[in-house]
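Reading through the structure tokens given below for one structure.
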2 protein chains.
Amino acid sequence: MNLKSQVEWALHCCAILAGLPEGRHLAAKDLAELHGLPKEYLSKAMQSLSQAGLVATTLGPQGGYRLAQAAEKITFLDIVEAVEGRRNTFACQEIRKNNPCRPAKQRETKPCAIARVMWEADEAWRDRLRRVSLAELVETVGREVPKAVLERTAEWIAARS
Amino acid sequence: MNLKSQVEWALHCCAILAGLPEGRHLAAKDLAELHGLPKEYLSKAMQSLSQAGLVATTLGPQGGYRLAQAAEKITFLDIVEAVEGRRNTFACQEIRKNNPCRPAKQRETKPCAIARVMWEADEAWRDRLRRVSLAELVETVGREVPKAVLERTAEWIAARS
DNA sequence: CTAATTACGGATAACAAATATCCGTAATAC
DNA sequence: GTATTACGGATATTTGTTATCCGTAATTAG
């Protein structure tokens with residue numbers, strides 16, 4: 001039960017995009033290099049973000065990605081679900097129907113009680129991710145990461161113009 | 001990001017075991033037949049429960065599984081973790097270390113801010129599962145499943161003595 | 001206009017994890 | 001002794017993750 005590593009990549013990339021100067025884009029190639037990731041595969045994750053409307057893209061030289069919404073509007077859940085999908089972690093196979101003691105034809109009135117509990121837990125997980133915005137992440141990072149690193153990263157990005 | 005189907009199986013089996021008459025065991029073979037599951041593979045899940053101390057086993061004829069603790073003491077989380085393991089869904093790869101703008105040698109003072117948020121969500125998920133006991137599940141099932149089905153299942157089990 | 005750069009999508013391959021199946025061993029009830 | 005049971009190791013099958021490659025279309029710089 002692991003999230004795809006693409007989820008981690010997407011979160012880090014969004015954090016970078018949130019810190020980008022106004023009007024600036026960053027190409028998948030640069031995002032990959034900045035994080036030490038395979039460019040082609042990272043692109044797939046970015047495409048998921050694009051399809052979800054979280055990032056906007058521009059083609060051609062000087063093109064690339066930028067946030068499509070304010071960092072305050074984008075939540076961890078938005079990013080996670082864009083990449084990982086919206087399925088529950090618990091996939092109920094309705095094995096209760098295999099019980100030979102059940103009437104074959106009878107319609108189930110409620111979802112399985114086990115599945116309900118598991119789905120509530122999934123919802124609690126999502127709830128928590130919904131409560132943290134990209135803006136809050138950026139703020140935390142700004143507080144915790146040494147200024148020198150932040151500045152050098154900004155320069156590194158500026159040099160890619 | 002799916003839980004193993006063994007998790008579902010284990011939960012259903014525990015529900016059955018919780019309803020077993022005092023001193024009675026149920027063999028993997030019967031649990032498998034009752035749920036329409038592959039016996040050998042279901043056994044692996046039951047072995048995980050056994051190793052976690054949630055169920056007790058007896059060898060030989062009339063042997064099999066029973067709960068090792070009161071149904072009130074066993075939580076959903078106990079069962080889920082016994083089968084699925086205790087790892088977080090988010091496995092931080094520390095890709096921030098790949099950033100060429102970071103000093104190579106410097107020790108990270110804190111876990112990655114992204115990982116912290118993701119792990120909090122995992123903990124919220126676990127919290128929810130910790131709050132529901134096997135006893136509560138049995139009570140819900142007793143309320144929702146038609147009496148006739150419960151009785152026939154009890155008879156089916158009794159016939160396996 | 002041309003050439004370089006970019007995102008995007010489809011096809012495919014490599015690898016890991018989940019889902020089994022098989023069988024030998026030891027313990028236990030009758 | 002014989003049948004039954006859980007257990008653990010070995011192995012196969014299937015599915016999902018992690019890539020890689022390449023052609024297409026859009027865009028910009030010169």
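In the structure tokens, chains take letters A, B, ... by order of appearance, with residues numbered from 1 within each chain and ligands from 1 in the order shown.
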
Long-range neighbours of Ile157 in chain B as a PyMOL selection string, 10 Å cut-off, only C-alpha atoms (C1' of nucleotides), 5 positions minimum in chain: chain B and resi 16+20-21+24-26+30-31+34+151-152

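Within 7 Å of chain A, and counting only C-alpha atoms (C1' of nucleotides), chain C contributes DT5, DT6 and DA7 of chain C.
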
Let's see if you can do this: from backbone DSSP, list all strand (DSSP E or B) residues in chain A, as a compact mmCIF listing (two decimals) with N, CA, C and O atoms, in the first residue's frame.
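Heads up, here's the output in out08.txt:
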# COMPACT_ATOMS: atom_id res chain seq x y z
N LEU A 26 8.48 26.99 -15.96
CA LEU A 26 9.64 26.11 -15.79
C LEU A 26 9.37 24.80 -16.53
O LEU A 26 8.30 24.19 -16.36
N VAL A 55 -1.97 22.95 -12.94
CA VAL A 55 -0.89 23.71 -13.56
C VAL A 55 -1.30 24.06 -14.99
O VAL A 55 -2.10 23.37 -15.60
N ALA A 56 -0.74 25.15 -15.47
CA ALA A 56 -0.98 25.57 -16.85
C ALA A 56 0.32 25.39 -17.62
O ALA A 56 1.41 25.46 -17.04
N THR A 57 0.22 25.11 -18.91
CA THR A 57 1.42 24.86 -19.69
C THR A 57 1.52 25.83 -20.85
O THR A 57 0.52 26.35 -21.34
N THR A 58 2.74 26.04 -21.27
CA THR A 58 3.01 26.83 -22.47
C THR A 58 4.01 26.08 -23.31
O THR A 58 5.00 25.56 -22.79
N GLY A 64 6.78 25.80 -20.59
CA GLY A 64 6.87 24.89 -19.45
C GLY A 64 5.64 25.01 -18.58
O GLY A 64 4.54 25.26 -19.08
N TYR A 65 5.85 24.83 -17.28
CA TYR A 65 4.72 24.79 -16.34
C TYR A 65 4.70 25.99 -15.41
O TYR A 65 5.75 26.54 -15.04
N ARG A 66 3.49 26.37 -15.03
CA ARG A 66 3.29 27.29 -13.91
C ARG A 66 2.00 26.87 -13.22
O ARG A 66 1.21 26.11 -13.77
N LEU A 67 1.76 27.37 -12.03
CA LEU A 67 0.50 27.06 -11.35
C LEU A 67 -0.66 27.67 -12.12
O LEU A 67 -0.54 28.77 -12.66
N THR A 75 -4.72 22.39 -2.76
CA THR A 75 -4.46 21.61 -1.55
C THR A 75 -3.60 20.39 -1.86
O THR A 75 -3.47 19.99 -3.03
N SER A 133 -2.80 23.68 2.35
CA SER A 133 -2.68 24.27 1.01
C SER A 133 -1.21 24.33 0.61
O SER A 133 -0.30 24.24 1.45

Residue hits in chain D, query chain B, radius 7 Å, only C-alpha atoms (C1' of nucleotides), as a ChimeraX atom specification: /D:4-6

Test item: chain B residues at most 6 Å from chain A, counting only C-alpha atoms, as a list in words: Met1, Asn2, Leu3, Leu34, His35, Gly36, Thr89, Phe90, Ile95, Asn98, Asn99, Cys101, Arg102, Ala121, Ala124, Trp125, Arg128, Val149, Arg152 and Thr153 of chain B

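If you look at CA of Gly142 in chain B and CA of Ala104 in chain A, they are 19.5 Å away from each other.
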
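The coordinates place CA of Val83 in chain A at 26.9 Å from C1' of DT27 in chain D.
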
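Contact shell of Ala71 in chain A at 7 Å (only C-alpha atoms (C1' of nucleotides); same-chain neighbours under 2 positions omitted): A:Ala18, A:Gln69, A:Lys73, A:Ile74, A:Ser133, A:Leu134, A:Ala135.
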
Restricted to all heavy atoms, what would the selected residues look like written as a JSON list (two decimals), in the first residue's frame?
[["chain", "number", "residue", "atom", "x", "y", "z"],
["A", 18, "ALA", "N", 5.21, 27.14, -7.12],
["A", 18, "ALA", "CA", 4.57, 28.17, -6.28],
["A", 18, "ALA", "C", 5.54, 29.31, -5.97],
["A", 18, "ALA", "O", 5.11, 30.43, -5.71],
["A", 18, "ALA", "CB", 4.06, 27.54, -4.99],
["A", 69, "GLN", "N", -3.60, 27.96, -10.57],
["A", 69, "GLN", "CA", -4.43, 28.58, -9.54],
["A", 69, "GLN", "C", -3.51, 29.18, -8.48],
["A", 69, "GLN", "O", -2.33, 28.85, -8.41],
["A", 69, "GLN", "CB", -5.32, 27.53, -8.85],
["A", 69, "GLN", "CG", -6.17, 26.70, -9.79],
["A", 69, "GLN", "CD", -6.94, 25.62, -9.05],
["A", 69, "GLN", "OE1", -7.22, 25.74, -7.87],
["A", 69, "GLN", "NE2", -7.27, 24.56, -9.77],
["A", 73, "LYS", "N", -5.28, 28.19, -3.11],
["A", 73, "LYS", "CA", -6.44, 27.41, -3.55],
["A", 73, "LYS", "C", -6.10, 25.94, -3.73],
["A", 73, "LYS", "O", -6.99, 25.08, -3.75],
["A", 73, "LYS", "CB", -6.96, 27.95, -4.89],
["A", 73, "LYS", "CG", -7.42, 29.40, -4.85],
["A", 73, "LYS", "CD", -8.83, 29.50, -4.30],
["A", 73, "LYS", "CE", -9.32, 30.96, -4.37],
["A", 73, "LYS", "NZ", -10.58, 31.14, -3.66],
["A", 74, "ILE", "N", -4.83, 25.65, -3.95],
["A", 74, "ILE", "CA", -4.44, 24.27, -4.24],
["A", 74, "ILE", "C", -4.09, 23.54, -2.96],
["A", 74, "ILE", "O", -3.29, 24.01, -2.16],
["A", 74, "ILE", "CB", -3.22, 24.26, -5.19],
["A", 74, "ILE", "CG1", -3.60, 24.94, -6.52],
["A", 74, "ILE", "CG2", -2.74, 22.83, -5.44],
["A", 74, "ILE", "CD1", -2.45, 25.04, -7.50],
["A", 133, "SER", "N", -2.80, 23.68, 2.35],
["A", 133, "SER", "CA", -2.68, 24.27, 1.01],
["A", 133, "SER", "C", -1.21, 24.33, 0.61],
["A", 133, "SER", "O", -0.30, 24.24, 1.45],
["A", 133, "SER", "CB", -3.27, 25.66, 0.99],
["A", 133, "SER", "OG", -2.43, 26.55, 1.71],
["A", 134, "LEU", "N", -1.02, 24.48, -0.67],
["A", 134, "LEU", "CA", 0.32, 24.65, -1.20],
["A", 134, "LEU", "C", 0.97, 25.90, -0.61],
["A", 134, "LEU", "O", 2.19, 25.91, -0.34],
["A", 134, "LEU", "CB", 0.22, 24.76, -2.73],
["A", 134, "LEU", "CG", 1.47, 24.58, -3.56],
["A", 134, "LEU", "CD1", 2.23, 23.34, -3.13],
["A", 134, "LEU", "CD2", 1.08, 24.49, -5.03],
["A", 135, "ALA", "N", 0.16, 26.94, -0.37],
["A", 135, "ALA", "CA", 0.70, 28.18, 0.21],
["A", 135, "ALA", "C", 1.29, 27.91, 1.59],
["A", 135, "ALA", "O", 2.35, 28.43, 1.94],
["A", 135, "ALA", "CB", -0.42, 29.22, 0.30]]

Nearby residues (only C-alpha atoms (C1' of nucleotides)) at most 9 Å from DA20 in chain C, same-chain spacing under 4 positions excluded, as number ranges by chain: B: 38, 40-41; D: 12-13

Restrict the selected residues to N, CA, C and O atoms (P, O5', C5', C4', C3', O3' and C1' of nucleotides) and save them as a PDB file, in the first residue's frame.
ATOM      1  N   PRO B  38      -9.621 -18.516  -2.016  1.00  0.00           N
ATOM      2  CA  PRO B  38      -8.614 -19.581  -2.137  1.00  0.00           C
ATOM      3  C   PRO B  38      -8.028 -19.910  -0.766  1.00  0.00           C
ATOM      4  O   PRO B  38      -7.451 -19.046  -0.112  1.00  0.00           O
ATOM      5  N   GLU B  40      -5.434 -21.681   0.415  1.00  0.00           N
ATOM      6  CA  GLU B  40      -4.006 -21.568   0.723  1.00  0.00           C
ATOM      7  C   GLU B  40      -3.583 -20.119   0.950  1.00  0.00           C
ATOM      8  O   GLU B  40      -2.820 -19.808   1.853  1.00  0.00           O
ATOM      9  N   TYR B  41      -4.118 -19.259   0.095  1.00  0.00           N
ATOM     10  CA  TYR B  41      -3.718 -17.859   0.185  1.00  0.00           C
ATOM     11  C   TYR B  41      -4.381 -17.178   1.372  1.00  0.00           C
ATOM     12  O   TYR B  41      -3.770 -16.344   2.055  1.00  0.00           O
TER      13      TYR B  41
ATOM     14  P    DA D  12       8.997 -21.892 -11.146  1.00  0.00           P
ATOM     15  O5'  DA D  12       7.561 -21.404 -11.608  1.00  0.00           O
ATOM     16  C5'  DA D  12       6.474 -22.316 -11.575  1.00  0.00           C
ATOM     17  C4'  DA D  12       5.177 -21.534 -11.517  1.00  0.00           C
ATOM     18  C3'  DA D  12       4.985 -20.568 -12.687  1.00  0.00           C
ATOM     19  O3'  DA D  12       3.755 -20.886 -13.307  1.00  0.00           O
ATOM     20  C1'  DA D  12       4.514 -19.502 -10.614  1.00  0.00           C
ATOM     21  P    DT D  13       3.425 -20.240 -14.763  1.00  0.00           P
ATOM     22  O5'  DT D  13       2.361 -19.113 -14.428  1.00  0.00           O
ATOM     23  C5'  DT D  13       1.284 -19.418 -13.551  1.00  0.00           C
ATOM     24  C4'  DT D  13       0.520 -18.158 -13.224  1.00  0.00           C
ATOM     25  C3'  DT D  13       0.337 -17.200 -14.402  1.00  0.00           C
ATOM     26  O3'  DT D  13      -1.055 -16.947 -14.504  1.00  0.00           O
ATOM     27  C1'  DT D  13       1.132 -16.042 -12.494  1.00  0.00           C
TER      28       DT D  13
END

Distance criterion (only C-alpha atoms (C1' of nucleotides)): nearest to DA19 in chain D out of A:Gly19, A:Cys13, A:Lys39, A:Arg160: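 Ranking A:Gly19, A:Cys13, A:Lys39, A:Arg160 by distance to DA19 in chain D, first place goes to A:Lys39.
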
Straight-line distance linking CA of Ala10 in chain A with CA of Leu42 in chain A, stated in Å to one decimal: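 It comes out at 8.0 Å.
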
Filtered DSSP result for range 2-161 of chain B, state alpha helix (DSSP H), as a PyMOL selection string: chain B and resi 5-18+28-35+39-51+76-84+113-130+134-144+147-158
